[in-house]
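Peer 1: Sharing coords-v2.txt below, compact mmCIF, C-alpha atoms:
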# COMPACT_ATOMS: atom_id res chain seq x y z
CA MET C 1 0.00 0.00 0.00
CA ARG C 2 2.82 2.39 0.90
CA ASN C 3 4.55 1.69 -2.45
CA THR C 4 1.31 2.41 -4.30
CA MET C 5 0.99 5.78 -2.50
CA LEU C 6 4.61 6.57 -3.30
CA VAL C 7 4.08 5.78 -6.99
CA PHE C 8 0.97 7.99 -7.11
CA ALA C 9 2.82 10.86 -5.38
CA LEU C 10 5.73 10.60 -7.83
CA LEU C 11 3.34 10.41 -10.77
CA ALA C 12 1.40 13.47 -9.55
CA THR C 13 4.67 15.42 -9.10
CA LEU C 14 5.83 14.45 -12.58
CA VAL C 15 2.55 15.47 -14.24
CA SER C 16 2.35 18.79 -12.38
CA SER C 17 5.91 19.73 -13.32
CA CYS C 18 5.37 19.19 -17.06
CA GLY C 19 4.96 22.35 -19.13
CA LEU C 20 1.31 21.83 -19.86
CA LYS C 21 -0.55 24.68 -21.51
CA GLY C 22 -2.28 26.78 -18.92
CA SER C 23 0.11 25.77 -16.15
CA GLY C 24 1.23 29.27 -15.28
CA GLU C 25 2.47 30.28 -18.72
CA THR C 26 1.19 33.71 -19.64
CA GLU C 27 0.71 35.03 -23.11
CA LYS C 28 2.16 38.51 -23.38
CA THR C 29 -0.42 40.88 -24.78
CA PRO C 30 0.46 44.19 -26.39
CA GLN C 31 0.37 47.28 -24.23
CA ILE C 32 -1.89 50.18 -25.26
CA LEU C 33 -0.66 53.76 -24.91
CA THR C 34 -3.21 56.53 -25.48
CA VAL C 35 -1.80 59.87 -26.62
CA GLU C 36 -4.03 62.92 -26.76
CA PHE C 37 -2.96 65.65 -29.16
CA VAL C 38 -4.15 68.98 -27.74
CA GLY C 39 -4.02 72.49 -29.17
CA SER C 40 -6.10 75.48 -30.05
CA GLY C 41 -9.56 74.61 -31.28
CA ASP C 42 -9.56 77.19 -34.09
CA THR C 43 -7.30 75.16 -36.42
CA ALA C 44 -8.86 74.50 -39.82
CA ILE C 45 -8.45 70.86 -40.81
CA GLN C 46 -9.19 70.09 -44.45
CA ASN C 47 -7.59 66.62 -44.61
CA PRO C 48 -8.53 64.45 -41.61
CA LYS C 49 -6.19 61.54 -42.56
CA GLY C 50 -2.77 61.37 -40.94
CA LYS C 51 -0.27 59.11 -39.21
CA ALA C 52 1.11 59.22 -35.70
CA GLN C 53 4.32 57.41 -34.84
CA LEU C 54 5.79 56.21 -31.56
CA LEU C 55 9.59 56.21 -31.70
CA ALA C 56 12.31 55.04 -29.31
CA VAL C 57 16.00 55.79 -28.79
CA PRO C 58 18.46 54.64 -26.15
CA ALA C 59 18.52 57.46 -23.60
CA ASP C 60 22.29 57.39 -23.10
CA ILE C 61 23.34 57.66 -26.77
CA ALA C 62 23.24 60.86 -28.82
CA ASP C 63 22.75 61.19 -32.57
CA VAL C 64 21.24 57.80 -33.34
CA GLU C 65 18.30 57.16 -35.63
CA ALA C 66 15.08 56.52 -33.74
CA THR C 67 13.36 53.15 -34.02
CA LEU C 68 9.72 53.04 -35.05
CA VAL C 69 7.88 51.15 -32.30
CA SER C 70 4.30 51.70 -33.47
CA GLU C 71 2.47 53.63 -36.20
CA VAL C 72 -1.22 54.47 -36.27
CA GLU C 73 -3.32 55.93 -39.08
CA PHE C 74 -5.99 58.28 -37.81
CA ASN C 75 -8.89 60.43 -38.99
CA SER C 76 -9.51 63.67 -37.12
CA GLY C 77 -11.41 66.74 -38.16
CA LYS C 78 -10.79 68.66 -34.93
CA LEU C 79 -8.49 69.18 -31.98
CA PRO C 80 -8.04 67.60 -29.52
CA PHE C 81 -7.96 64.00 -30.74
CA THR C 82 -6.55 60.76 -29.37
CA VAL C 83 -4.51 57.95 -30.85
CA ASP C 84 -4.00 54.49 -29.34
CA PHE C 85 -0.56 53.00 -29.92
CA GLU C 86 -0.18 49.24 -29.63
CA ILE C 87 3.21 48.43 -28.14
CA SER C 88 4.35 44.83 -28.52
CA SER C 89 5.72 43.14 -25.42
CA ASP C 90 9.06 42.54 -27.18
CA HIS C 91 9.43 46.06 -28.64
CA ARG C 92 12.79 46.57 -26.90
CA SER C 93 14.31 43.89 -29.14
CA MET C 94 13.53 46.07 -32.19
CA ILE C 95 15.44 49.12 -30.89
CA LYS C 96 18.72 49.84 -32.66
CA PRO C 97 21.39 50.11 -31.48
CA GLU C 98 20.56 47.10 -29.35
CA VAL C 99 19.50 47.77 -25.76
CA SER C 100 19.44 45.53 -22.71
CA GLU C 101 16.50 45.20 -20.34
CA THR C 102 18.18 47.67 -17.97
CA THR C 103 19.05 50.33 -20.57
CA LEU C 104 16.99 53.51 -20.27
CA VAL C 105 14.93 54.15 -23.39
CA LYS C 106 13.42 57.49 -24.40
CA TYR C 107 10.07 57.40 -26.23
CA TYR C 108 8.49 60.21 -28.22
CA VAL C 109 5.79 60.75 -30.83
CA ALA C 110 5.77 62.29 -34.28
CA LEU C 111 3.01 63.35 -36.68
CA ASP C 112 2.91 62.78 -40.43
CA TRP C 113 -0.10 64.88 -41.42
CA ASP C 114 -0.95 67.21 -44.29
CA SER C 115 -3.84 68.65 -42.28
CA ASN C 116 -4.61 71.53 -44.64
CA GLY C 117 -4.75 69.22 -47.67
CA ASP C 118 -2.43 71.25 -49.91
CA GLY C 119 -0.31 68.20 -50.82
CA LYS C 120 2.73 69.05 -48.71
CA GLN C 121 3.70 69.08 -45.06
CA ASP C 122 4.89 72.47 -43.90
CA SER C 123 4.41 75.09 -41.19
CA THR C 124 0.80 75.70 -42.27
CA ASP C 125 -0.22 72.18 -41.13
CA VAL C 126 -0.98 70.95 -37.61
CA LEU C 127 2.45 70.31 -36.07
CA ILE C 128 3.84 69.23 -32.74
CA ASP C 129 4.42 72.36 -30.65
CA PHE C 130 8.08 72.01 -29.67
CA ASP C 131 7.95 75.51 -28.13
CA LYS C 132 5.62 74.24 -25.39
CA GLN C 133 7.11 70.80 -24.81
CA PHE C 134 9.13 68.07 -26.52
CA PRO C 135 6.76 65.18 -27.36
CA ASP C 136 8.29 62.70 -24.89
CA VAL C 137 5.94 60.03 -23.60
CA ASP C 138 6.21 57.61 -20.71
CA ILE C 139 4.96 54.22 -21.85
CA SER C 140 4.31 53.15 -18.28
CA GLN C 141 1.51 55.75 -18.15
CA ILE C 142 -1.82 54.89 -19.79
CA HIS C 143 -2.70 58.39 -21.04
CA GLN C 144 -0.31 61.11 -22.26
CA GLN C 145 -0.77 64.58 -23.79
CA VAL C 146 1.23 66.14 -26.60
CA PHE C 147 0.82 69.78 -27.62
CA VAL C 148 0.21 70.72 -31.26
CA LYS C 149 -0.18 74.03 -33.02
Could you spell out this file's structure in structure tokens?

Peer 2:
Amino acid sequence: MRNTMLVFALLATLVSSCGLKGSGETEKTPQILTVEFVGSGDTAIQNPKGKAQLLAVPADIADVEATLVSEVEFNSGKLPFTVDFEISSDHRSMIKPEVSETTLVKYYVALDWDSNGDGKQDSTDVLIDFDKQFPDVDISQIHQQVFVK
């Protein structure tokens, strides 16, 4: 009887230690970052279609090209408007030059938008207002604001 109990205990331990699906493994889901673009409400928007980009650079290195982490197409006929960026759980592996898990990373947003519909992007379009604030974002926050003019 004791040997039978011992066999069952060993068998139960063996089965529970196997990597069965649903045994504590978690599927990493993308993180959502909401960025609200705020500015004066009197801006005339003729072309509502644009793109917003979330970019990343290692914080301790100067003069490196930013890595595109996420890009979202949007439609907005007025200010303010919001954009939801989907950030993959492994986005740090895309950053060049390569970063470790402990390396500080700086994130910021950019707009690609011919808001007045004249066929070119220039100072007459809705732009990020660098005079008020650089468009840094903290991806650990759920909601961020970026100023536009």

Peer 1: Rounded to one decimal, what separation in Å do you get between atom CA of C:Ile139 and atom CA of C:Thr103?

Peer 2: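 Atom-to-atom, atom CA of C:Ile139 and atom CA of C:Thr103 are spaced 14.7 Å apart.
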
Peer 1: Name all residues at most 12 Å from stretch 32-45 of chain C (count all atoms listed in the file; drop same-chain ones fewer than 4 positions away) and give them as a PyMOL selection string.

Peer 2: chain C and resi 49-50+52-54+69-72+74-89+107-111+113-118+124-129+132-133+135-149

Peer 1: With C-alpha atoms kept, could you save the residues just selected as a tab-separated table (two decimals), in the coordinates of the input?

Peer 2:
chain	number	residue	atom	x	y	z
C	49	LYS	CA	-6.19	61.54	-42.56
C	50	GLY	CA	-2.77	61.37	-40.94
C	52	ALA	CA	1.11	59.22	-35.70
C	53	GLN	CA	4.32	57.41	-34.84
C	54	LEU	CA	5.79	56.21	-31.56
C	69	VAL	CA	7.88	51.15	-32.30
C	70	SER	CA	4.30	51.70	-33.47
C	71	GLU	CA	2.47	53.63	-36.20
C	72	VAL	CA	-1.22	54.47	-36.27
C	74	PHE	CA	-5.99	58.28	-37.81
C	75	ASN	CA	-8.89	60.43	-38.99
C	76	SER	CA	-9.51	63.67	-37.12
C	77	GLY	CA	-11.41	66.74	-38.16
C	78	LYS	CA	-10.79	68.66	-34.93
C	79	LEU	CA	-8.49	69.18	-31.98
C	80	PRO	CA	-8.04	67.60	-29.52
C	81	PHE	CA	-7.96	64.00	-30.74
C	82	THR	CA	-6.55	60.76	-29.37
C	83	VAL	CA	-4.51	57.95	-30.85
C	84	ASP	CA	-4.00	54.49	-29.34
C	85	PHE	CA	-0.56	53.00	-29.92
C	86	GLU	CA	-0.18	49.24	-29.63
C	87	ILE	CA	3.21	48.43	-28.14
C	88	SER	CA	4.35	44.83	-28.52
C	89	SER	CA	5.72	43.14	-25.42
C	107	TYR	CA	10.07	57.40	-26.23
C	108	TYR	CA	8.49	60.21	-28.22
C	109	VAL	CA	5.79	60.75	-30.83
C	110	ALA	CA	5.77	62.29	-34.28
C	111	LEU	CA	3.01	63.35	-36.68
C	113	TRP	CA	-0.10	64.88	-41.42
C	114	ASP	CA	-0.95	67.21	-44.29
C	115	SER	CA	-3.84	68.65	-42.28
C	116	ASN	CA	-4.61	71.53	-44.64
C	117	GLY	CA	-4.75	69.22	-47.67
C	118	ASP	CA	-2.43	71.25	-49.91
C	124	THR	CA	0.80	75.70	-42.27
C	125	ASP	CA	-0.22	72.18	-41.13
C	126	VAL	CA	-0.98	70.95	-37.61
C	127	LEU	CA	2.45	70.31	-36.07
C	128	ILE	CA	3.84	69.23	-32.74
C	129	ASP	CA	4.42	72.36	-30.65
C	132	LYS	CA	5.62	74.24	-25.39
C	133	GLN	CA	7.11	70.80	-24.81
C	135	PRO	CA	6.76	65.18	-27.36
C	136	ASP	CA	8.29	62.70	-24.89
C	137	VAL	CA	5.94	60.03	-23.60
C	138	ASP	CA	6.21	57.61	-20.71
C	139	ILE	CA	4.96	54.22	-21.85
C	140	SER	CA	4.31	53.15	-18.28
C	141	GLN	CA	1.51	55.75	-18.15
C	142	ILE	CA	-1.82	54.89	-19.79
C	143	HIS	CA	-2.70	58.39	-21.04
C	144	GLN	CA	-0.31	61.11	-22.26
C	145	GLN	CA	-0.77	64.58	-23.79
C	146	VAL	CA	1.23	66.14	-26.60
C	147	PHE	CA	0.82	69.78	-27.62
C	148	VAL	CA	0.21	70.72	-31.26
C	149	LYS	CA	-0.18	74.03	-33.02

Peer 1: In Å, rounded to a single decimal, give me how far atom CA of C:Leu68 is from atom CA of C:Ala56.

Peer 2: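 Straight-line distance from atom CA of C:Ala56 to atom CA of C:Leu68 works out to 6.6 Å.
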
Peer 1: So how far away is atom CA of C:Phe134 from atom CA of C:Lys106, in Å?

Peer 2: 11.6 Å

Peer 1: Which residue, C:Asp60, C:Glu65, C:Asp131, C:Glu73, has the smallest gap to C:Leu104 when you use only C-alpha atoms?

Peer 2: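 Among C:Asp60, C:Glu65, C:Asp131, C:Glu73, it is C:Asp60 that comes nearest to C:Leu104.
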
Peer 1: Would you mind telling me which residue in C:Gln46, C:Phe130, C:Thr67, C:Asp112 lies nearest to C:Pro97 when using all atoms listed in the file?

Peer 2: C:Thr67
